[in-house]
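Asker: Please find query_31.cif (mmCIF, C-alpha atoms) on the next line:
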```
data_input
loop_
_atom_site.label_atom_id
_atom_site.label_comp_id
_atom_site.auth_asym_id
_atom_site.auth_seq_id
_atom_site.Cartn_x
_atom_site.Cartn_y
_atom_site.Cartn_z
CA MET A 1 26.88 -3.22 2.63
CA LYS A 2 24.72 -0.91 4.74
CA ALA A 3 21.30 -2.14 5.80
CA TYR A 4 18.75 -1.52 8.50
CA GLU A 5 17.50 -4.16 10.90
CA VAL A 6 14.54 -4.19 13.23
CA GLN A 7 16.26 -5.84 16.16
CA SER A 8 13.35 -6.10 18.59
CA THR A 9 9.71 -5.04 19.00
CA THR A 10 10.36 -1.88 21.01
CA GLY A 11 9.28 0.58 18.33
CA ILE A 12 11.14 2.84 15.90
CA ASP A 13 14.22 2.96 18.14
CA ALA A 14 14.69 -0.75 17.37
CA LEU A 15 15.48 0.18 13.74
CA VAL A 16 19.29 0.09 13.62
CA SER A 17 21.85 0.66 10.85
CA VAL A 18 24.15 -2.36 10.43
CA ASP A 19 26.83 -3.73 8.12
CA ARG A 20 26.04 -6.99 6.35
CA PRO A 21 27.90 -8.95 3.69
CA GLU A 22 26.75 -8.14 0.16
CA PRO A 23 24.45 -11.01 -0.93
CA LYS A 24 25.18 -13.11 -4.02
CA PRO A 25 22.55 -14.52 -6.39
CA THR A 26 22.27 -18.24 -7.00
CA ALA A 27 20.30 -20.04 -9.73
CA GLY A 28 17.12 -18.16 -10.60
CA GLN A 29 18.03 -15.21 -8.40
CA VAL A 30 18.83 -11.56 -9.10
CA LEU A 31 21.08 -9.08 -7.28
CA ILE A 32 19.49 -5.63 -7.07
CA LYS A 33 21.18 -2.37 -6.15
CA VAL A 34 18.36 -0.69 -4.24
CA LYS A 35 17.64 2.89 -5.27
CA ALA A 36 14.54 3.76 -3.21
CA THR A 37 12.04 2.30 -0.77
CA SER A 38 8.68 3.54 0.51
CA LEU A 39 6.96 3.21 3.86
CA ASN A 40 3.61 1.68 4.71
CA TYR A 41 1.76 1.69 8.04
CA ARG A 42 2.52 -2.01 8.18
CA ASP A 43 6.23 -1.12 8.60
CA LEU A 44 5.38 0.67 11.85
CA LEU A 45 3.49 -2.40 13.07
CA VAL A 46 6.57 -4.55 12.39
CA THR A 47 8.74 -2.34 14.61
CA GLU A 48 6.15 -2.51 17.38
CA GLY A 49 5.59 -6.27 17.29
CA ALA A 50 1.99 -5.76 16.21
CA TYR A 51 2.23 -7.49 12.82
CA GLY A 52 1.56 -11.08 13.85
CA SER A 53 3.57 -13.33 16.14
CA GLY A 54 5.59 -15.27 13.58
CA LEU A 55 8.25 -12.68 12.70
CA LYS A 56 11.88 -13.45 13.44
CA TYR A 57 14.25 -10.69 14.51
CA PRO A 58 16.63 -9.20 13.49
CA LEU A 59 14.75 -8.46 10.27
CA ILE A 60 15.50 -6.14 7.35
CA PRO A 61 12.20 -4.23 7.08
CA MET A 62 10.06 -2.74 4.31
CA SER A 63 8.22 -4.49 1.52
CA ASP A 64 8.43 -1.69 -1.03
CA GLY A 65 11.69 -1.18 -2.87
CA VAL A 66 13.06 -0.70 -6.36
CA GLY A 67 16.46 -0.72 -7.96
CA GLU A 68 18.74 -1.76 -10.78
CA VAL A 69 19.64 -5.34 -11.65
CA VAL A 70 23.43 -5.61 -11.30
CA GLU A 71 23.96 -9.39 -11.39
CA VAL A 72 21.89 -12.44 -12.32
CA GLY A 73 22.20 -16.08 -11.39
CA GLU A 74 22.13 -19.08 -13.68
CA GLY A 75 18.88 -19.58 -15.57
CA VAL A 76 17.49 -16.05 -15.12
CA THR A 77 15.41 -15.05 -18.14
CA ARG A 78 12.74 -12.64 -16.82
CA VAL A 79 15.12 -9.73 -16.28
CA LYS A 80 18.63 -8.70 -17.35
CA ILE A 81 21.46 -6.57 -15.99
CA GLY A 82 20.52 -2.90 -16.15
CA ASP A 83 16.76 -3.43 -15.82
CA ARG A 84 14.80 -1.21 -13.41
CA VAL A 85 12.77 -3.52 -11.19
CA ALA A 86 10.48 -3.66 -8.15
CA GLY A 87 10.00 -6.57 -5.81
CA ILE A 88 6.44 -7.79 -5.37
CA PHE A 89 5.02 -7.79 -1.82
CA PHE A 90 4.44 -11.55 -1.60
CA GLN A 91 7.40 -13.05 -3.43
CA ASN A 92 5.55 -16.32 -4.13
CA TRP A 93 2.12 -14.93 -5.11
CA ILE A 94 2.26 -14.88 -8.88
CA SER A 95 -1.44 -15.29 -9.76
CA GLY A 96 -4.68 -16.83 -8.54
CA SER A 97 -5.99 -16.66 -4.99
CA LEU A 98 -3.94 -15.94 -1.88
CA THR A 99 -2.81 -19.05 0.01
CA LYS A 100 -1.15 -19.73 3.34
CA GLU A 101 2.13 -20.44 1.57
CA HIS A 102 2.00 -17.08 -0.21
CA THR A 103 1.63 -15.26 3.12
CA LYS A 104 4.97 -16.62 4.31
CA SER A 105 6.82 -14.78 1.52
CA ASP A 106 6.05 -11.15 2.41
CA LEU A 107 9.06 -8.88 2.13
CA GLY A 108 9.95 -7.17 5.39
CA GLY A 109 7.82 -9.62 7.35
CA GLY A 110 8.14 -13.32 6.68
CA ILE A 111 11.47 -12.70 4.91
CA ASP A 112 14.03 -9.89 4.84
CA GLY A 113 12.85 -6.76 3.06
CA MET A 114 14.21 -3.91 0.97
CA LEU A 115 15.83 -1.41 3.36
CA ALA A 116 19.38 -2.29 2.34
CA GLU A 117 21.90 -1.22 -0.30
CA TYR A 118 21.66 -4.61 -2.06
CA VAL A 119 19.06 -7.37 -1.99
CA VAL A 120 18.75 -10.75 -3.70
CA LEU A 121 15.30 -11.82 -4.92
CA HIS A 122 14.05 -14.62 -7.12
CA GLN A 123 13.31 -13.55 -10.69
CA ASP A 124 9.68 -14.60 -10.29
CA GLY A 125 9.24 -12.04 -7.50
CA LEU A 126 10.14 -9.07 -9.72
CA ILE A 127 8.36 -6.77 -12.17
CA ILE A 128 9.80 -4.22 -14.59
CA LEU A 129 9.06 -0.62 -13.60
CA PRO A 130 7.11 1.58 -16.02
CA ASP A 131 9.77 3.59 -17.84
CA TYR A 132 8.21 7.02 -17.18
CA LEU A 133 8.49 6.67 -13.39
CA SER A 134 11.50 7.67 -11.32
CA TYR A 135 12.91 5.21 -8.80
CA ALA A 136 11.28 7.18 -5.96
CA GLU A 137 7.90 7.02 -7.72
CA GLY A 138 8.30 3.34 -8.53
CA ALA A 139 9.06 2.55 -4.91
CA THR A 140 5.50 3.55 -3.94
CA LEU A 141 3.83 0.84 -6.02
CA PRO A 142 4.29 -2.67 -4.53
CA CYS A 143 1.97 -2.39 -1.51
CA ALA A 144 -0.22 0.74 -1.59
CA ALA A 145 -0.86 0.92 -5.33
CA VAL A 146 -1.46 -2.81 -5.78
CA THR A 147 -3.77 -2.82 -2.75
CA ALA A 148 -5.87 0.02 -4.17
CA TRP A 149 -5.96 -1.67 -7.59
CA HIS A 150 -7.00 -5.01 -6.07
CA ALA A 151 -9.77 -3.32 -4.06
CA LEU A 152 -11.34 -1.20 -6.79
CA VAL A 153 -10.50 -2.98 -10.03
CA THR A 154 -9.74 -6.67 -9.48
CA LYS A 155 -12.38 -7.23 -6.78
CA GLY A 156 -14.48 -4.08 -7.03
CA ASN A 157 -15.05 -4.13 -10.81
CA ILE A 158 -15.38 -0.35 -10.64
CA SER A 159 -17.11 1.27 -13.61
CA THR A 160 -18.17 4.66 -14.90
CA GLY A 161 -20.74 6.34 -12.67
CA ASP A 162 -19.93 4.35 -9.54
CA SER A 163 -19.48 6.26 -6.28
CA VAL A 164 -16.46 5.64 -4.06
CA LEU A 165 -15.80 6.66 -0.45
CA LEU A 166 -12.13 7.06 0.48
CA LEU A 167 -11.05 7.31 4.11
CA GLY A 168 -8.00 9.47 4.68
CA THR A 169 -5.23 10.61 2.35
CA GLY A 170 -2.42 8.11 2.84
CA GLY A 171 -0.82 5.98 0.14
CA VAL A 172 -3.67 3.52 -0.49
CA SER A 173 -6.30 6.26 -0.48
CA THR A 174 -4.44 8.57 -2.89
CA PHE A 175 -3.83 5.72 -5.32
CA ALA A 176 -7.49 4.67 -5.01
CA LEU A 177 -8.50 8.26 -5.80
CA GLN A 178 -6.43 8.22 -8.97
CA PHE A 179 -7.72 4.80 -10.06
CA ALA A 180 -11.33 5.76 -9.34
CA LYS A 181 -10.91 8.97 -11.34
CA ILE A 182 -9.64 7.28 -14.50
CA HIS A 183 -12.58 4.84 -14.27
CA GLY A 184 -15.08 7.69 -14.25
CA ALA A 185 -16.27 7.26 -10.68
CA ARG A 186 -17.66 9.89 -8.32
CA ILE A 187 -15.31 10.28 -5.36
CA ILE A 188 -16.04 11.32 -1.77
CA ALA A 189 -12.87 11.77 0.31
CA THR A 190 -12.49 12.24 4.07
CA SER A 191 -9.71 13.69 6.21
CA SER A 192 -9.25 15.61 9.46
CA SER A 193 -7.30 18.28 7.55
CA ASP A 194 -8.92 20.89 5.31
CA GLU A 195 -5.59 21.32 3.52
CA LYS A 196 -5.45 17.61 2.69
CA LEU A 197 -9.04 17.75 1.49
CA ARG A 198 -8.13 20.66 -0.77
CA ARG A 199 -5.33 18.59 -2.26
CA SER A 200 -7.73 15.67 -2.69
CA GLN A 201 -9.99 17.96 -4.74
CA GLN A 202 -7.02 18.92 -6.89
CA LEU A 203 -6.49 15.21 -7.56
CA GLY A 204 -10.12 14.81 -8.59
CA ALA A 205 -12.25 14.24 -5.49
CA ASP A 206 -15.80 15.43 -6.18
CA GLU A 207 -16.87 15.86 -2.54
CA THR A 208 -14.87 16.11 0.68
CA ILE A 209 -15.74 15.73 4.35
CA ASN A 210 -13.67 16.77 7.36
CA TYR A 211 -14.41 13.96 9.81
CA LYS A 212 -13.08 16.01 12.72
CA THR A 213 -15.62 18.80 12.25
CA THR A 214 -18.25 16.36 10.95
CA PRO A 215 -17.97 13.34 13.26
CA ASP A 216 -21.18 11.84 11.82
CA TRP A 217 -19.60 11.76 8.37
CA GLU A 218 -21.50 8.63 7.39
CA LYS A 219 -24.74 10.68 7.52
CA GLN A 220 -23.28 13.29 5.21
CA VAL A 221 -22.17 10.57 2.76
CA TYR A 222 -25.73 9.27 2.83
CA GLN A 223 -27.11 12.73 2.03
CA LEU A 224 -24.56 13.35 -0.72
CA THR A 225 -25.69 10.15 -2.46
CA ASN A 226 -29.41 10.98 -2.49
CA ARG A 227 -29.96 8.90 0.64
CA THR A 228 -28.67 5.79 -1.13
CA GLY A 229 -25.06 5.29 -0.04
CA VAL A 230 -21.88 4.76 -2.04
CA ASP A 231 -21.11 1.77 -4.24
CA HIS A 232 -17.62 1.19 -2.84
CA VAL A 233 -15.78 2.03 0.38
CA VAL A 234 -12.00 1.79 0.59
CA GLU A 235 -11.85 1.13 4.34
CA VAL A 236 -8.39 1.79 5.79
CA GLY A 237 -9.45 2.63 9.35
CA GLY A 238 -10.51 -0.78 10.59
CA ALA A 239 -12.70 -1.42 13.62
CA GLY A 240 -12.89 2.25 14.58
CA THR A 241 -14.43 3.36 11.28
CA LEU A 242 -16.03 0.20 9.88
CA PRO A 243 -19.40 0.71 11.66
CA LYS A 244 -19.72 4.10 9.95
CA SER A 245 -18.64 2.66 6.60
CA LEU A 246 -21.38 0.03 6.93
CA GLN A 247 -23.88 2.86 7.20
CA ALA A 248 -22.36 4.87 4.34
CA VAL A 249 -22.47 2.08 1.72
CA ARG A 250 -25.55 1.34 -0.36
CA ILE A 251 -27.60 -1.84 -0.27
CA GLY A 252 -25.66 -4.43 -2.25
CA GLY A 253 -22.50 -2.32 -2.12
CA SER A 254 -18.96 -3.38 -1.28
CA ILE A 255 -16.42 -2.51 1.39
CA SER A 256 -12.75 -3.28 0.81
CA LEU A 257 -11.27 -3.79 4.27
CA ILE A 258 -7.61 -2.85 4.07
CA GLY A 259 -6.23 -1.03 7.08
CA VAL A 260 -6.13 -1.10 10.87
CA LEU A 261 -5.27 2.55 11.49
CA SER A 262 -7.93 3.01 14.19
CA ASP A 263 -8.71 1.16 17.43
CA ARG A 264 -8.97 -2.58 16.86
CA GLY A 265 -10.90 -3.20 20.08
CA ASN A 266 -14.33 -2.06 18.92
CA ASP A 267 -17.16 -4.55 18.51
CA ILE A 268 -18.68 -4.74 15.03
CA ASP A 269 -22.42 -5.24 14.61
CA PRO A 270 -22.84 -7.65 11.66
CA MET A 271 -26.51 -6.83 11.12
CA PRO A 272 -25.94 -4.09 8.48
CA ILE A 273 -23.92 -6.58 6.43
CA LEU A 274 -26.88 -8.97 6.50
CA PHE A 275 -29.71 -6.50 6.03
CA LYS A 276 -27.94 -4.55 3.27
CA SER A 277 -26.58 -7.66 1.52
CA LEU A 278 -23.10 -6.19 1.57
CA THR A 279 -19.83 -7.61 0.29
CA VAL A 280 -17.05 -7.00 2.82
CA GLN A 281 -13.80 -8.11 1.22
CA GLY A 282 -10.45 -8.31 2.98
CA ILE A 283 -7.71 -7.01 0.68
CA TYR A 284 -4.17 -8.18 1.46
CA VAL A 285 -2.09 -6.41 -1.21
CA GLY A 286 -2.15 -8.53 -4.41
CA SER A 287 -0.38 -10.85 -6.84
CA ARG A 288 2.27 -10.22 -9.48
CA GLU A 289 -0.43 -10.63 -12.11
CA MET A 290 -2.40 -7.74 -10.56
CA PHE A 291 0.76 -5.63 -10.33
CA GLU A 292 1.51 -6.13 -14.02
CA ALA A 293 -2.10 -5.37 -15.05
CA MET A 294 -1.98 -2.19 -12.98
CA ASN A 295 1.31 -1.12 -14.55
CA GLN A 296 -0.24 -1.26 -18.01
CA VAL A 297 -2.90 1.22 -16.89
CA LEU A 298 -0.34 3.40 -15.12
CA GLN A 299 1.68 3.54 -18.33
CA LYS A 300 -1.37 4.28 -20.49
CA HIS A 301 -2.59 7.15 -18.30
CA GLN A 302 0.88 8.29 -17.14
CA ILE A 303 -0.34 8.31 -13.54
CA LYS A 304 2.17 9.88 -11.16
CA PRO A 305 2.26 8.55 -7.59
CA ILE A 306 1.79 11.20 -4.89
CA ILE A 307 4.95 11.53 -2.78
CA ASP A 308 4.84 13.71 0.31
CA ARG A 309 8.50 13.62 1.39
CA VAL A 310 11.74 11.89 0.45
CA PHE A 311 14.25 11.09 3.21
CA PRO A 312 17.89 10.05 2.70
CA PHE A 313 18.92 6.53 3.67
CA ASN A 314 20.72 7.71 6.81
CA GLU A 315 17.48 9.27 8.10
CA ALA A 316 15.35 6.12 8.00
CA GLN A 317 14.23 6.52 11.62
CA GLU A 318 13.11 10.07 10.88
CA ALA A 319 11.08 8.79 7.91
CA TYR A 320 9.34 6.26 10.19
CA ARG A 321 8.57 8.97 12.73
CA TYR A 322 7.16 11.24 10.05
CA LEU A 323 4.87 8.46 8.84
CA LYS A 324 3.74 7.81 12.41
CA SER A 325 2.86 11.50 12.82
CA ALA A 326 0.19 11.09 10.09
CA ALA A 327 1.19 14.48 8.66
CA HIS A 328 1.78 13.01 5.21
CA PHE A 329 -0.38 13.22 2.10
CA GLY A 330 0.40 10.24 -0.13
CA LYS A 331 3.63 8.32 0.29
CA VAL A 332 6.83 8.69 2.31
CA VAL A 333 10.00 7.56 0.49
CA ILE A 334 13.52 6.68 1.60
CA GLN A 335 16.06 7.22 -1.21
CA LEU A 336 19.41 5.47 -1.24
CA GLU A 337 21.06 7.54 -3.97
#
```
Produce structure tokens that represent the structure in this file.
Answerer:
Amino acid sequence: MKAYEVQSTTGIDALVSVDRPEPKPTAGQVLIKVKATSLNYRDLLVTEGAYGSGLKYPLIPMSDGVGEVVEVGEGVTRVKIGDRVAGIFFQNWISGSLTKEHTKSDLGGGIDGMLAEYVVLHQDGLIILPDYLSYAEGATLPCAAVTAWHALVTKGNISTGDSVLLLGTGGVSTFALQFAKIHGARIIATSSSDEKLRRSQQLGADETINYKTTPDWEKQVYQLTNRTGVDHVVEVGGAGTLPKSLQAVRIGGSISLIGVLSDRGNDIDPMPILFKSLTVQGIYVGSREMFEAMNQVLQKHQIKPIIDRVFPFNEAQEAYRYLKSAAHFGKVVIQLE
């Protein structure tokens, strides 16, 4: 079968097409014919050796993938041949709190991922896709959507009338916008592109700020909220934007720390966290239980993931480069057929 391997930590050029034997399921396992995968910023970090020091190369990358069950091993009862399924990000994180053991089971990191024609996963690491979604749409869910759900719903307990600040317009932020909207929240979105901000408004953003033309965007957020600050921040920038997010959130508010898109070398002053009694919560994707709860809401509201571009399987490197360019709005997908 055809697959891609990250063979070293030299960047996107280290992503190489290879031939591997087609895997076979054993007891409790499922063979999946992969139909589509989607990219996350984390996939770029893996190619650059910036995603921890414990990865072993060569590695089949990408956590997010969906496909059709074509063979099952002995004792499989959760799924059947013909089912449309997605792998969960942490194959061992079914429910409860994240543990060290769970973190060793991340697809495309601790173990081989989804950028291959066929993969074998344990039945416990699978969920059934909502039937109204295409394979390309379903491929966007395992990391970005679950992360946004975990941040705003599972941990954030978002409710009607809350205010939410979203940084950027990538996969996590566009899903967070959609989840915040169906919960009746007021949404403030930021971007360096007026066109992306216009699209955010079409999705339901109430206020938008171009952080390139308004570098002190935290002050504008403060003014837009009657000098109070927002209830929730979905913080995907990291050290480069966190100091501003600490200023933009209200006393007693929450910041979901998700991404590391900006410079990680900045010092963070902890005093605003203390003086404002803030909750700063690290969000590392989520469990199968969260994924399944999210899918029920997706199905109920018929939420459609936002896909920017779909690349064919033989253009995987081009898909990575497009993601790295930051030109995308929503998700970038690689489709196998």
Asker: Compile the contact shell of stretch 169-176 of chain A as a VMD selection string: residues with an atom at most 6 Å away, counting all atoms listed in the file, same-chain residues fewer than 5 positions apart removed.
Answerer: chain A and resid 144 to 145 148 329 to 331
Asker: Care to translate the PyMOL selection byres ((chain A and resi 192-206) around 9) into actual residues of this file, as a ChimeraX atom specification?
Answerer: /A:168-169,174,177-178,181,186-191,207-213,328-329
Asker: Report as a ChimeraX atom specification the residues that result from applying the PyMOL selection byres ((chain A and resi 38) around 8) to the structure here.
Answerer: /A:36-37,39-40,62,64-65,136,139-140,331-334
Asker: Hey, which of A:Leu298, A:Pro312, A:Val76, A:Phe291 ends up closest to A:Leu336? Count only C-alpha atoms.
Answerer: A:Pro312
Asker: What separation in Å, quoted to one decimal, exists between atom CA of A:Gly125 and atom CA of A:Val153?
Answerer: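 Rounded to one decimal, the two atoms are 21.9 Å apart.
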Asker: Would you mind exporting stretch 226-257 of chain A with N, CA and C atoms, as an mmCIF file, in the first residue's frame?
Answerer:
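Written out: out.cif:
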```
data_model
loop_
_atom_site.group_PDB
_atom_site.id
_atom_site.type_symbol
_atom_site.label_atom_id
_atom_site.label_comp_id
_atom_site.auth_asym_id
_atom_site.auth_seq_id
_atom_site.Cartn_x
_atom_site.Cartn_y
_atom_site.Cartn_z
ATOM 1 N N ASN A 226 -17.642 46.659 27.294
ATOM 2 C CA ASN A 226 -17.982 47.638 28.340
ATOM 3 C C ASN A 226 -16.937 47.675 29.442
ATOM 4 N N ARG A 227 -15.678 47.607 29.010
ATOM 5 C CA ARG A 227 -14.534 47.691 29.930
ATOM 6 C C ARG A 227 -14.586 46.605 31.007
ATOM 7 N N THR A 228 -15.039 45.424 30.576
ATOM 8 C CA THR A 228 -15.131 44.283 31.488
ATOM 9 C C THR A 228 -14.186 43.157 31.082
ATOM 10 N N GLY A 229 -14.130 42.858 29.788
ATOM 11 C CA GLY A 229 -13.373 41.712 29.295
ATOM 12 C C GLY A 229 -14.292 40.551 28.957
ATOM 13 N N VAL A 230 -13.786 39.626 28.163
ATOM 14 C CA VAL A 230 -14.596 38.487 27.723
ATOM 15 C C VAL A 230 -14.616 37.390 28.788
ATOM 16 N N ASP A 231 -15.621 36.527 28.667
ATOM 17 C CA ASP A 231 -15.721 35.389 29.592
ATOM 18 C C ASP A 231 -14.720 34.295 29.255
ATOM 19 N N HIS A 232 -14.524 34.057 27.957
ATOM 20 C CA HIS A 232 -13.663 32.958 27.509
ATOM 21 C C HIS A 232 -12.717 33.443 26.414
ATOM 22 N N VAL A 233 -11.487 32.957 26.443
ATOM 23 C CA VAL A 233 -10.549 33.155 25.338
ATOM 24 C C VAL A 233 -10.107 31.786 24.845
ATOM 25 N N VAL A 234 -10.235 31.552 23.545
ATOM 26 C CA VAL A 234 -9.664 30.356 22.924
ATOM 27 C C VAL A 234 -8.299 30.777 22.382
ATOM 28 N N GLU A 235 -7.265 30.457 23.135
ATOM 29 C CA GLU A 235 -5.912 30.991 22.941
ATOM 30 C C GLU A 235 -5.068 30.002 22.137
ATOM 31 N N VAL A 236 -4.923 30.271 20.840
ATOM 32 C CA VAL A 236 -4.162 29.377 19.968
ATOM 33 C C VAL A 236 -2.786 29.934 19.626
ATOM 34 N N GLY A 237 -2.478 31.146 20.082
ATOM 35 C CA GLY A 237 -1.202 31.757 19.731
ATOM 36 C C GLY A 237 -0.052 31.297 20.600
ATOM 37 N N GLY A 238 -0.302 31.166 21.895
ATOM 38 C CA GLY A 238 0.755 30.769 22.809
ATOM 39 C C GLY A 238 1.431 31.962 23.459
ATOM 40 N N ALA A 239 2.733 31.859 23.689
ATOM 41 C CA ALA A 239 3.446 32.869 24.464
ATOM 42 C C ALA A 239 3.387 34.250 23.827
ATOM 43 N N GLY A 240 3.309 34.315 22.503
ATOM 44 C CA GLY A 240 3.299 35.598 21.830
ATOM 45 C C GLY A 240 2.014 36.379 22.007
ATOM 46 N N THR A 241 0.917 35.701 22.251
ATOM 47 C CA THR A 241 -0.390 36.374 22.393
ATOM 48 C C THR A 241 -0.990 36.253 23.790
ATOM 49 N N LEU A 242 -0.500 35.330 24.596
ATOM 50 C CA LEU A 242 -1.091 35.111 25.911
ATOM 51 C C LEU A 242 -1.093 36.370 26.790
ATOM 52 N N PRO A 243 -0.038 37.183 26.818
ATOM 53 C CA PRO A 243 -0.103 38.398 27.652
ATOM 54 C C PRO A 243 -1.272 39.310 27.281
ATOM 55 N N LYS A 244 -1.578 39.402 25.987
ATOM 56 C CA LYS A 244 -2.711 40.221 25.565
ATOM 57 C C LYS A 244 -4.035 39.548 25.938
ATOM 58 N N SER A 245 -4.091 38.233 25.821
ATOM 59 C CA SER A 245 -5.308 37.513 26.214
ATOM 60 C C SER A 245 -5.591 37.680 27.699
ATOM 61 N N LEU A 246 -4.530 37.725 28.511
ATOM 62 C CA LEU A 246 -4.703 37.928 29.953
ATOM 63 C C LEU A 246 -5.316 39.297 30.242
ATOM 64 N N GLN A 247 -5.051 40.250 29.385
ATOM 65 C CA GLN A 247 -5.646 41.577 29.557
ATOM 66 C C GLN A 247 -7.070 41.636 29.017
ATOM 67 N N ALA A 248 -7.365 40.799 28.012
ATOM 68 C CA ALA A 248 -8.667 40.866 27.344
ATOM 69 C C ALA A 248 -9.763 40.098 28.077
ATOM 70 N N VAL A 249 -9.401 39.217 29.009
ATOM 71 C CA VAL A 249 -10.387 38.389 29.701
ATOM 72 C C VAL A 249 -10.858 39.093 30.971
ATOM 73 N N ARG A 250 -12.074 38.846 31.346
ATOM 74 C CA ARG A 250 -12.651 39.491 32.536
ATOM 75 C C ARG A 250 -12.100 38.887 33.821
ATOM 76 N N ILE A 251 -12.323 39.567 34.932
ATOM 77 C CA ILE A 251 -12.015 38.998 36.241
ATOM 78 C C ILE A 251 -12.833 37.727 36.436
ATOM 79 N N GLY A 252 -12.169 36.659 36.809
ATOM 80 C CA GLY A 252 -12.847 35.377 36.993
ATOM 81 C C GLY A 252 -13.099 34.621 35.713
ATOM 82 N N GLY A 253 -12.588 35.131 34.587
ATOM 83 C CA GLY A 253 -12.803 34.475 33.301
ATOM 84 C C GLY A 253 -11.855 33.303 33.078
ATOM 85 N N SER A 254 -11.948 32.718 31.887
ATOM 86 C CA SER A 254 -11.136 31.529 31.594
ATOM 87 C C SER A 254 -10.427 31.675 30.260
ATOM 88 N N ILE A 255 -9.220 31.137 30.205
ATOM 89 C CA ILE A 255 -8.433 31.076 28.976
ATOM 90 C C ILE A 255 -8.106 29.613 28.699
ATOM 91 N N SER A 256 -8.511 29.142 27.531
ATOM 92 C CA SER A 256 -8.165 27.787 27.105
ATOM 93 C C SER A 256 -6.913 27.875 26.255
ATOM 94 N N LEU A 257 -5.808 27.389 26.802
ATOM 95 C CA LEU A 257 -4.512 27.477 26.135
ATOM 96 C C LEU A 257 -4.333 26.250 25.250
#
```
